[in-house]
Amino acid sequence: MSFTQDKEAKEAEEVLVRELQAGNLEAYDKIAELYQKKIYALSFNLTRNQMDAQDITQEVLLTIYKKVDTFQGKSAFSSWVYRITLNAAYMRLRSKKKEPNVSLDDLLPSYNGAGFQQEKIQDWSENTESLLFDNETKETIQKAVDQLPEKEKVVFILRDVEGLSTEKVSEILDLTVPAVKSRLHRARLFLRKKLSHYFEEYQSRREKK
Amino acid sequence: MICCKECLDLLSDYLDGDLDPKSSAALEEHFQDCPPCIAFLNTFKTSTHICRETLSQVEIPEIVQVKLKEFITENTRKKA
């Protein structure tokens with residue numbers, strides 16, 4: 001999106017929000033239409049469950065309707081919606097049994113005393129495209145993301161999956177930009193390592209054939 | 001020349017275009033002499049890419065769309 005389009009979309013959204021605050025139901029419908037996919041996708045990627053994602057989306061849409069008066073415009077409206085969604089998703093996740101946490105530090109690269117890589121790194125990057133439509137691959141990828149610790153997972157989903165800017169993510173999560181970058185980098189390192197196990201095995205199976 | 005650790009610590013900044021030209025050049029110089037870091041760079045980029053591709057495919061199922069619409073109507077029009 002160009003800067004002008006971006007600005008125009010932002011202004012149109014501000015008008016909708018003001019109309020909604022004045023009680024205009026058509027404005028609400030438009031806002032719900034604009035946001036429900038984003039809310040659902042984020043909820044689904046955090047809970048990996050259709051029913052939970054549906055419930056969270058309903059809850060968030062209702063909160064927007066009931067609490068729009070409390071939105072003061074200090075941050076972007078979209079950041080406010082993302083924050084409500086995250087709170088609703090965390091409330092739901094808290095009530096569920098948690099999978100044991102995988103230690104992120106164990107999956108970071110290891111170096112020798114001089115700072116050089118210690119493990120053998122296979123390059124499997126050329127062999128993934130044909131596997132992407134495979135259900136097993138899809139599940140492996142989803143599971144790897146699900147295993148990320150909460151703090152890193154939310155940054156990865158907002159920044160790399162939803163495609164928001166680092167600055168936007170820092171606004172939503174109330175973190176500094178360096179903190180967002182650091183969590184994002186750790187998440188990416190973790191995912192590379194997790195997926196390496198899967199793709200290296202696939203590659204060696206293929207070479208044996 | 002920088003070591004692997006220095007190089008991999010800056011990998012996200014490098015790929016996101018957040019590095020100054022001098023640091024970028026130092027990373028590229030390291031890559032020229034370090035095949036393991038090239039393999040790391042390639043698999044790091046691919047991991048992020050395939051996770052994005054897989055997770056950004058989420059669509060609201062039709063049945064959920066219907067329920068959401070009903071929910072909205074019920075909760076915002078009821079008292080009108």
# chains A, B, ... in the order shown; residues from 1 in each chain; ligands from 1
>>> select_by_dssp(residues="chain B", states="alpha helix (DSSP H)", output="PDB file with N, CA and C atoms, in the first residue's frame")
ATOM      1  N   CYS B   4      31.223 -16.100  13.618  1.00  0.00           N
ATOM      2  CA  CYS B   4      29.864 -16.573  13.313  1.00  0.00           C
ATOM      3  C   CYS B   4      28.840 -15.977  14.274  1.00  0.00           C
ATOM      4  N   LYS B   5      29.199 -15.923  15.557  1.00  0.00           N
ATOM      5  CA  LYS B   5      28.234 -15.432  16.547  1.00  0.00           C
ATOM      6  C   LYS B   5      27.819 -13.992  16.245  1.00  0.00           C
ATOM      7  N   GLU B   6      28.805 -13.158  15.993  1.00  0.00           N
ATOM      8  CA  GLU B   6      28.498 -11.756  15.671  1.00  0.00           C
ATOM      9  C   GLU B   6      27.608 -11.686  14.425  1.00  0.00           C
ATOM     10  N   CYS B   7      27.923 -12.556  13.479  1.00  0.00           N
ATOM     11  CA  CYS B   7      27.178 -12.573  12.225  1.00  0.00           C
ATOM     12  C   CYS B   7      25.723 -13.009  12.454  1.00  0.00           C
ATOM     13  N   LEU B   8      25.536 -14.119  13.167  1.00  0.00           N
ATOM     14  CA  LEU B   8      24.174 -14.653  13.353  1.00  0.00           C
ATOM     15  C   LEU B   8      23.343 -13.784  14.299  1.00  0.00           C
ATOM     16  N   ASP B   9      24.011 -13.107  15.233  1.00  0.00           N
ATOM     17  CA  ASP B   9      23.277 -12.197  16.124  1.00  0.00           C
ATOM     18  C   ASP B   9      22.621 -11.059  15.333  1.00  0.00           C
ATOM     19  N   LEU B  11      21.615 -11.275  12.132  1.00  0.00           N
ATOM     20  CA  LEU B  11      20.957 -11.796  10.933  1.00  0.00           C
ATOM     21  C   LEU B  11      19.576 -11.174  10.668  1.00  0.00           C
ATOM     22  N   SER B  12      18.756 -11.052  11.705  1.00  0.00           N
ATOM     23  CA  SER B  12      17.423 -10.462  11.500  1.00  0.00           C
ATOM     24  C   SER B  12      17.533  -9.004  11.070  1.00  0.00           C
ATOM     25  N   ASP B  13      18.410  -8.267  11.739  1.00  0.00           N
ATOM     26  CA  ASP B  13      18.599  -6.854  11.368  1.00  0.00           C
ATOM     27  C   ASP B  13      19.075  -6.750   9.925  1.00  0.00           C
ATOM     28  N   TYR B  14      19.960  -7.677   9.546  1.00  0.00           N
ATOM     29  CA  TYR B  14      20.479  -7.686   8.172  1.00  0.00           C
ATOM     30  C   TYR B  14      19.349  -7.940   7.168  1.00  0.00           C
ATOM     31  N   LEU B  15      18.543  -8.956   7.426  1.00  0.00           N
ATOM     32  CA  LEU B  15      17.470  -9.313   6.484  1.00  0.00           C
ATOM     33  C   LEU B  15      16.336  -8.284   6.475  1.00  0.00           C
ATOM     34  N   PRO B  21      25.368   0.287   6.496  1.00  0.00           N
ATOM     35  CA  PRO B  21      26.102  -0.322   5.377  1.00  0.00           C
ATOM     36  C   PRO B  21      27.405  -1.003   5.801  1.00  0.00           C
ATOM     37  N   LYS B  22      28.073  -0.425   6.800  1.00  0.00           N
ATOM     38  CA  LYS B  22      29.359  -0.989   7.227  1.00  0.00           C
ATOM     39  C   LYS B  22      29.158  -2.391   7.837  1.00  0.00           C
ATOM     40  N   SER B  23      28.136  -2.521   8.695  1.00  0.00           N
ATOM     41  CA  SER B  23      27.878  -3.822   9.323  1.00  0.00           C
ATOM     42  C   SER B  23      27.392  -4.829   8.285  1.00  0.00           C
ATOM     43  N   SER B  24      26.554  -4.372   7.353  1.00  0.00           N
ATOM     44  CA  SER B  24      26.084  -5.268   6.291  1.00  0.00           C
ATOM     45  C   SER B  24      27.266  -5.811   5.498  1.00  0.00           C
ATOM     46  N   ALA B  25      28.203  -4.938   5.179  1.00  0.00           N
ATOM     47  CA  ALA B  25      29.377  -5.352   4.417  1.00  0.00           C
ATOM     48  C   ALA B  25      30.197  -6.364   5.207  1.00  0.00           C
ATOM     49  N   ALA B  26      30.280  -6.157   6.526  1.00  0.00           N
ATOM     50  CA  ALA B  26      31.041  -7.094   7.371  1.00  0.00           C
ATOM     51  C   ALA B  26      30.380  -8.475   7.355  1.00  0.00           C
ATOM     52  N   LEU B  27      29.049  -8.505   7.372  1.00  0.00           N
ATOM     53  CA  LEU B  27      28.341  -9.790   7.320  1.00  0.00           C
ATOM     54  C   LEU B  27      28.581 -10.478   5.977  1.00  0.00           C
ATOM     55  N   GLU B  28      28.476  -9.686   4.923  1.00  0.00           N
ATOM     56  CA  GLU B  28      28.657 -10.264   3.586  1.00  0.00           C
ATOM     57  C   GLU B  28      30.074 -10.802   3.400  1.00  0.00           C
ATOM     58  N   GLU B  29      31.025 -10.111   3.982  1.00  0.00           N
ATOM     59  CA  GLU B  29      32.422 -10.575   3.912  1.00  0.00           C
ATOM     60  C   GLU B  29      32.542 -11.919   4.645  1.00  0.00           C
ATOM     61  N   HIS B  30      31.870 -12.012   5.793  1.00  0.00           N
ATOM     62  CA  HIS B  30      31.901 -13.266   6.553  1.00  0.00           C
ATOM     63  C   HIS B  30      31.255 -14.406   5.744  1.00  0.00           C
ATOM     64  N   PHE B  31      30.128 -14.124   5.133  1.00  0.00           N
ATOM     65  CA  PHE B  31      29.430 -15.162   4.350  1.00  0.00           C
ATOM     66  C   PHE B  31      30.320 -15.729   3.244  1.00  0.00           C
ATOM     67  N   GLN B  32      31.130 -14.865   2.637  1.00  0.00           N
ATOM     68  CA  GLN B  32      31.989 -15.316   1.529  1.00  0.00           C
ATOM     69  C   GLN B  32      32.940 -16.429   1.949  1.00  0.00           C
ATOM     70  N   ASP B  33      33.353 -16.379   3.216  1.00  0.00           N
ATOM     71  CA  ASP B  33      34.337 -17.363   3.679  1.00  0.00           C
ATOM     72  C   ASP B  33      33.743 -18.403   4.600  1.00  0.00           C
ATOM     73  N   PRO B  35      30.805 -21.183   4.579  1.00  0.00           N
ATOM     74  CA  PRO B  35      29.640 -21.939   4.073  1.00  0.00           C
ATOM     75  C   PRO B  35      28.613 -22.300   5.150  1.00  0.00           C
ATOM     76  N   PRO B  36      29.013 -22.662   6.385  1.00  0.00           N
ATOM     77  CA  PRO B  36      27.979 -22.956   7.394  1.00  0.00           C
ATOM     78  C   PRO B  36      27.056 -21.758   7.659  1.00  0.00           C
ATOM     79  N   CYS B  37      27.615 -20.557   7.630  1.00  0.00           N
ATOM     80  CA  CYS B  37      26.763 -19.377   7.871  1.00  0.00           C
ATOM     81  C   CYS B  37      25.868 -19.089   6.670  1.00  0.00           C
ATOM     82  N   ILE B  38      26.335 -19.421   5.471  1.00  0.00           N
ATOM     83  CA  ILE B  38      25.473 -19.299   4.273  1.00  0.00           C
ATOM     84  C   ILE B  38      24.294 -20.270   4.421  1.00  0.00           C
ATOM     85  N   ALA B  39      24.606 -21.511   4.835  1.00  0.00           N
ATOM     86  CA  ALA B  39      23.541 -22.508   5.026  1.00  0.00           C
ATOM     87  C   ALA B  39      22.576 -22.030   6.106  1.00  0.00           C
ATOM     88  N   PHE B  40      23.137 -21.431   7.154  1.00  0.00           N
ATOM     89  CA  PHE B  40      22.300 -20.908   8.243  1.00  0.00           C
ATOM     90  C   PHE B  40      21.405 -19.790   7.716  1.00  0.00           C
ATOM     91  N   LEU B  41      21.999 -18.867   6.975  1.00  0.00           N
ATOM     92  CA  LEU B  41      21.241 -17.745   6.402  1.00  0.00           C
ATOM     93  C   LEU B  41      20.083 -18.255   5.526  1.00  0.00           C
ATOM     94  N   ASN B  42      20.386 -19.203   4.651  1.00  0.00           N
ATOM     95  CA  ASN B  42      19.353 -19.715   3.736  1.00  0.00           C
ATOM     96  C   ASN B  42      18.219 -20.412   4.493  1.00  0.00           C
ATOM     97  N   THR B  43      18.569 -21.237   5.456  1.00  0.00           N
ATOM     98  CA  THR B  43      17.528 -21.976   6.182  1.00  0.00           C
ATOM     99  C   THR B  43      16.750 -21.044   7.126  1.00  0.00           C
ATOM    100  N   PHE B  44      17.428 -20.026   7.632  1.00  0.00           N
ATOM    101  CA  PHE B  44      16.786 -19.025   8.495  1.00  0.00           C
ATOM    102  C   PHE B  44      15.723 -18.262   7.689  1.00  0.00           C
ATOM    103  N   LYS B  45      16.114 -17.825   6.493  1.00  0.00           N
ATOM    104  CA  LYS B  45      15.166 -17.095   5.623  1.00  0.00           C
ATOM    105  C   LYS B  45      13.990 -17.994   5.253  1.00  0.00           C
ATOM    106  N   THR B  46      14.310 -19.245   4.876  1.00  0.00           N
ATOM    107  CA  THR B  46      13.259 -20.170   4.438  1.00  0.00           C
ATOM    108  C   THR B  46      12.291 -20.502   5.578  1.00  0.00           C
ATOM    109  N   SER B  47      12.815 -20.689   6.784  1.00  0.00           N
ATOM    110  CA  SER B  47      11.947 -21.012   7.934  1.00  0.00           C
ATOM    111  C   SER B  47      10.905 -19.921   8.131  1.00  0.00           C
ATOM    112  N   THR B  48      11.373 -18.682   8.161  1.00  0.00           N
ATOM    113  CA  THR B  48      10.455 -17.566   8.362  1.00  0.00           C
ATOM    114  C   THR B  48       9.422 -17.528   7.232  1.00  0.00           C
ATOM    115  N   HIS B  49       9.908 -17.726   6.013  1.00  0.00           N
ATOM    116  CA  HIS B  49       9.034 -17.666   4.838  1.00  0.00           C
ATOM    117  C   HIS B  49       7.940 -18.752   4.889  1.00  0.00           C
ATOM    118  N   ILE B  50       8.328 -19.981   5.183  1.00  0.00           N
ATOM    119  CA  ILE B  50       7.324 -21.057   5.154  1.00  0.00           C
ATOM    120  C   ILE B  50       6.367 -20.966   6.352  1.00  0.00           C
ATOM    121  N   CYS B  51       6.834 -20.462   7.463  1.00  0.00           N
ATOM    122  CA  CYS B  51       5.919 -20.263   8.603  1.00  0.00           C
ATOM    123  C   CYS B  51       4.881 -19.210   8.225  1.00  0.00           C
ATOM    124  N   ARG B  52       5.346 -18.129   7.598  1.00  0.00           N
ATOM    125  CA  ARG B  52       4.415 -17.074   7.183  1.00  0.00           C
ATOM    126  C   ARG B  52       3.402 -17.637   6.178  1.00  0.00           C
ATOM    127  N   GLU B  53       3.915 -18.359   5.176  1.00  0.00           N
ATOM    128  CA  GLU B  53       3.048 -18.926   4.140  1.00  0.00           C
ATOM    129  C   GLU B  53       1.966 -19.828   4.755  1.00  0.00           C
ATOM    130  N   THR B  54       2.374 -20.648   5.711  1.00  0.00           N
ATOM    131  CA  THR B  54       1.456 -21.610   6.303  1.00  0.00           C
ATOM    132  C   THR B  54       0.445 -20.931   7.228  1.00  0.00           C
ATOM    133  N   LEU B  55       0.928 -20.028   8.081  1.00  0.00           N
ATOM    134  CA  LEU B  55       0.039 -19.443   9.084  1.00  0.00           C
ATOM    135  C   LEU B  55      -0.834 -18.310   8.554  1.00  0.00           C
ATOM    136  N   GLU B  62     -16.892 -20.854   6.648  1.00  0.00           N
ATOM    137  CA  GLU B  62     -18.198 -20.287   6.304  1.00  0.00           C
ATOM    138  C   GLU B  62     -19.185 -20.353   7.474  1.00  0.00           C
ATOM    139  N   ILE B  63     -19.183 -21.488   8.157  1.00  0.00           N
ATOM    140  CA  ILE B  63     -20.127 -21.670   9.266  1.00  0.00           C
ATOM    141  C   ILE B  63     -19.852 -20.655  10.380  1.00  0.00           C
ATOM    142  N   VAL B  64     -18.584 -20.355  10.599  1.00  0.00           N
ATOM    143  CA  VAL B  64     -18.223 -19.373  11.623  1.00  0.00           C
ATOM    144  C   VAL B  64     -18.654 -17.970  11.178  1.00  0.00           C
ATOM    145  N   GLN B  65     -18.508 -17.696   9.879  1.00  0.00           N
ATOM    146  CA  GLN B  65     -18.940 -16.391   9.356  1.00  0.00           C
ATOM    147  C   GLN B  65     -20.427 -16.176   9.610  1.00  0.00           C
ATOM    148  N   VAL B  66     -21.206 -17.229   9.361  1.00  0.00           N
ATOM    149  CA  VAL B  66     -22.651 -17.142   9.577  1.00  0.00           C
ATOM    150  C   VAL B  66     -22.941 -16.874  11.049  1.00  0.00           C
ATOM    151  N   LYS B  67     -22.245 -17.617  11.915  1.00  0.00           N
ATOM    152  CA  LYS B  67     -22.471 -17.450  13.361  1.00  0.00           C
ATOM    153  C   LYS B  67     -22.071 -16.058  13.838  1.00  0.00           C
ATOM    154  N   LEU B  68     -20.991 -15.544  13.293  1.00  0.00           N
ATOM    155  CA  LEU B  68     -20.544 -14.207  13.697  1.00  0.00           C
ATOM    156  C   LEU B  68     -21.580 -13.155  13.298  1.00  0.00           C
ATOM    157  N   LYS B  69     -22.120 -13.314  12.117  1.00  0.00           N
ATOM    158  CA  LYS B  69     -23.131 -12.373  11.634  1.00  0.00           C
ATOM    159  C   LYS B  69     -24.366 -12.410  12.542  1.00  0.00           C
ATOM    160  N   GLU B  70     -24.799 -13.630  12.861  1.00  0.00           N
ATOM    161  CA  GLU B  70     -25.954 -13.782  13.761  1.00  0.00           C
ATOM    162  C   GLU B  70     -25.665 -13.143  15.112  1.00  0.00           C
ATOM    163  N   PHE B  71     -24.464 -13.394  15.591  1.00  0.00           N
ATOM    164  CA  PHE B  71     -24.065 -12.884  16.903  1.00  0.00           C
ATOM    165  C   PHE B  71     -24.101 -11.352  16.919  1.00  0.00           C
ATOM    166  N   ILE B  72     -23.542 -10.764  15.867  1.00  0.00           N
ATOM    167  CA  ILE B  72     -23.509  -9.302  15.785  1.00  0.00           C
ATOM    168  C   ILE B  72     -24.926  -8.736  15.750  1.00  0.00           C
ATOM    169  N   THR B  73     -25.761  -9.317  14.890  1.00  0.00           N
ATOM    170  CA  THR B  73     -27.134  -8.822  14.771  1.00  0.00           C
ATOM    171  C   THR B  73     -27.854  -8.940  16.109  1.00  0.00           C
ATOM    172  N   GLU B  74     -27.712 -10.096  16.723  1.00  0.00           N
ATOM    173  CA  GLU B  74     -28.406 -10.341  17.984  1.00  0.00           C
ATOM    174  C   GLU B  74     -27.964  -9.377  19.082  1.00  0.00           C
ATOM    175  N   ASN B  75     -26.677  -9.091  19.120  1.00  0.00           N
ATOM    176  CA  ASN B  75     -26.171  -8.277  20.221  1.00  0.00           C
ATOM    177  C   ASN B  75     -26.191  -6.783  19.981  1.00  0.00           C
ATOM    178  N   THR B  76     -26.384  -6.388  18.738  1.00  0.00           N
ATOM    179  CA  THR B  76     -26.383  -4.945  18.506  1.00  0.00           C
ATOM    180  C   THR B  76     -27.766  -4.427  18.075  1.00  0.00           C
ATOM    181  N   ARG B  77     -28.667  -5.330  17.650  1.00  0.00           N
ATOM    182  CA  ARG B  77     -29.969  -4.857  17.148  1.00  0.00           C
ATOM    183  C   ARG B  77     -31.126  -5.192  18.092  1.00  0.00           C
TER     184      ARG B  77
END
>>> closest_atom_pairs(of="chain A", to="chain B", cutoff="6 Å", atoms="only C-alpha atoms", output="Markdown table")
| residue | atom | partner | partner_atom | distance |
| --- | --- | --- | --- | --- |
| A:Ala41 | CA | B:Val58 | CA | 5.6 |
| A:Gly115 | CA | B:Lys5 | CA | 5.2 |
| A:Phe116 | CA | B:Cys4 | CA | 4.8 |
| A:Gln117 | CA | B:Cys4 | CA | 5.9 |
| A:Ile121 | CA | B:Pro36 | CA | 5.5 |
| A:Asp123 | CA | B:Ala39 | CA | 4.6 |
| A:Ser125 | CA | B:Thr43 | CA | 5.0 |
| A:Val161 | CA | B:Arg52 | CA | 4.7 |
| A:His185 | CA | B:Ser12 | CA | 5.8 |
| A:Arg192 | CA | B:Ser47 | CA | 5.3 |
>>> residues_around(residues="range 45-59 of chain A", least_positions_apart="2", cutoff="8 Å", atoms="only C-alpha atoms", output="ChimeraX atom specification")
/A:36,39-43,61-63,85,88-89,92-93,146,154,157 /B:55,64,68,71-72
>>> closest_residue(among="A:Val155, A:Leu86, A:Leu164, A:Met91", to="Lys181 in chain A", atoms="only C-alpha atoms")
A:Val155
>>> decode(residues="range 12-24 of chain B", atoms="N, CA and C atoms", output="mmCIF file, in the first residue's frame")
data_model
loop_
_atom_site.group_PDB
_atom_site.id
_atom_site.type_symbol
_atom_site.label_atom_id
_atom_site.label_comp_id
_atom_site.auth_asym_id
_atom_site.auth_seq_id
_atom_site.Cartn_x
_atom_site.Cartn_y
_atom_site.Cartn_z
ATOM 1 N N SER B 12 18.756 -11.052 11.705
ATOM 2 C CA SER B 12 17.423 -10.462 11.500
ATOM 3 C C SER B 12 17.533 -9.004 11.070
ATOM 4 N N ASP B 13 18.410 -8.267 11.739
ATOM 5 C CA ASP B 13 18.599 -6.854 11.368
ATOM 6 C C ASP B 13 19.075 -6.750 9.925
ATOM 7 N N TYR B 14 19.960 -7.677 9.546
ATOM 8 C CA TYR B 14 20.479 -7.686 8.172
ATOM 9 C C TYR B 14 19.349 -7.940 7.168
ATOM 10 N N LEU B 15 18.543 -8.956 7.426
ATOM 11 C CA LEU B 15 17.470 -9.313 6.484
ATOM 12 C C LEU B 15 16.336 -8.284 6.475
ATOM 13 N N ASP B 16 16.118 -7.624 7.613
ATOM 14 C CA ASP B 16 15.043 -6.627 7.677
ATOM 15 C C ASP B 16 15.505 -5.246 7.202
ATOM 16 N N GLY B 17 16.770 -5.168 6.771
ATOM 17 C CA GLY B 17 17.293 -3.894 6.266
ATOM 18 C C GLY B 17 17.553 -2.869 7.355
ATOM 19 N N ASP B 18 17.786 -3.349 8.584
ATOM 20 C CA ASP B 18 18.006 -2.423 9.700
ATOM 21 C C ASP B 18 19.485 -2.221 10.042
ATOM 22 N N LEU B 19 20.373 -2.748 9.206
ATOM 23 C CA LEU B 19 21.804 -2.610 9.518
ATOM 24 C C LEU B 19 22.423 -1.458 8.740
ATOM 25 N N ASP B 20 23.401 -0.807 9.355
ATOM 26 C CA ASP B 20 24.117 0.235 8.612
ATOM 27 C C ASP B 20 24.991 -0.444 7.548
ATOM 28 N N PRO B 21 25.368 0.287 6.496
ATOM 29 C CA PRO B 21 26.102 -0.322 5.377
ATOM 30 C C PRO B 21 27.405 -1.003 5.801
ATOM 31 N N LYS B 22 28.073 -0.425 6.800
ATOM 32 C CA LYS B 22 29.359 -0.989 7.227
ATOM 33 C C LYS B 22 29.158 -2.391 7.837
ATOM 34 N N SER B 23 28.136 -2.521 8.695
ATOM 35 C CA SER B 23 27.878 -3.822 9.323
ATOM 36 C C SER B 23 27.392 -4.829 8.285
ATOM 37 N N SER B 24 26.554 -4.372 7.353
ATOM 38 C CA SER B 24 26.084 -5.268 6.291
ATOM 39 C C SER B 24 27.266 -5.811 5.498
#
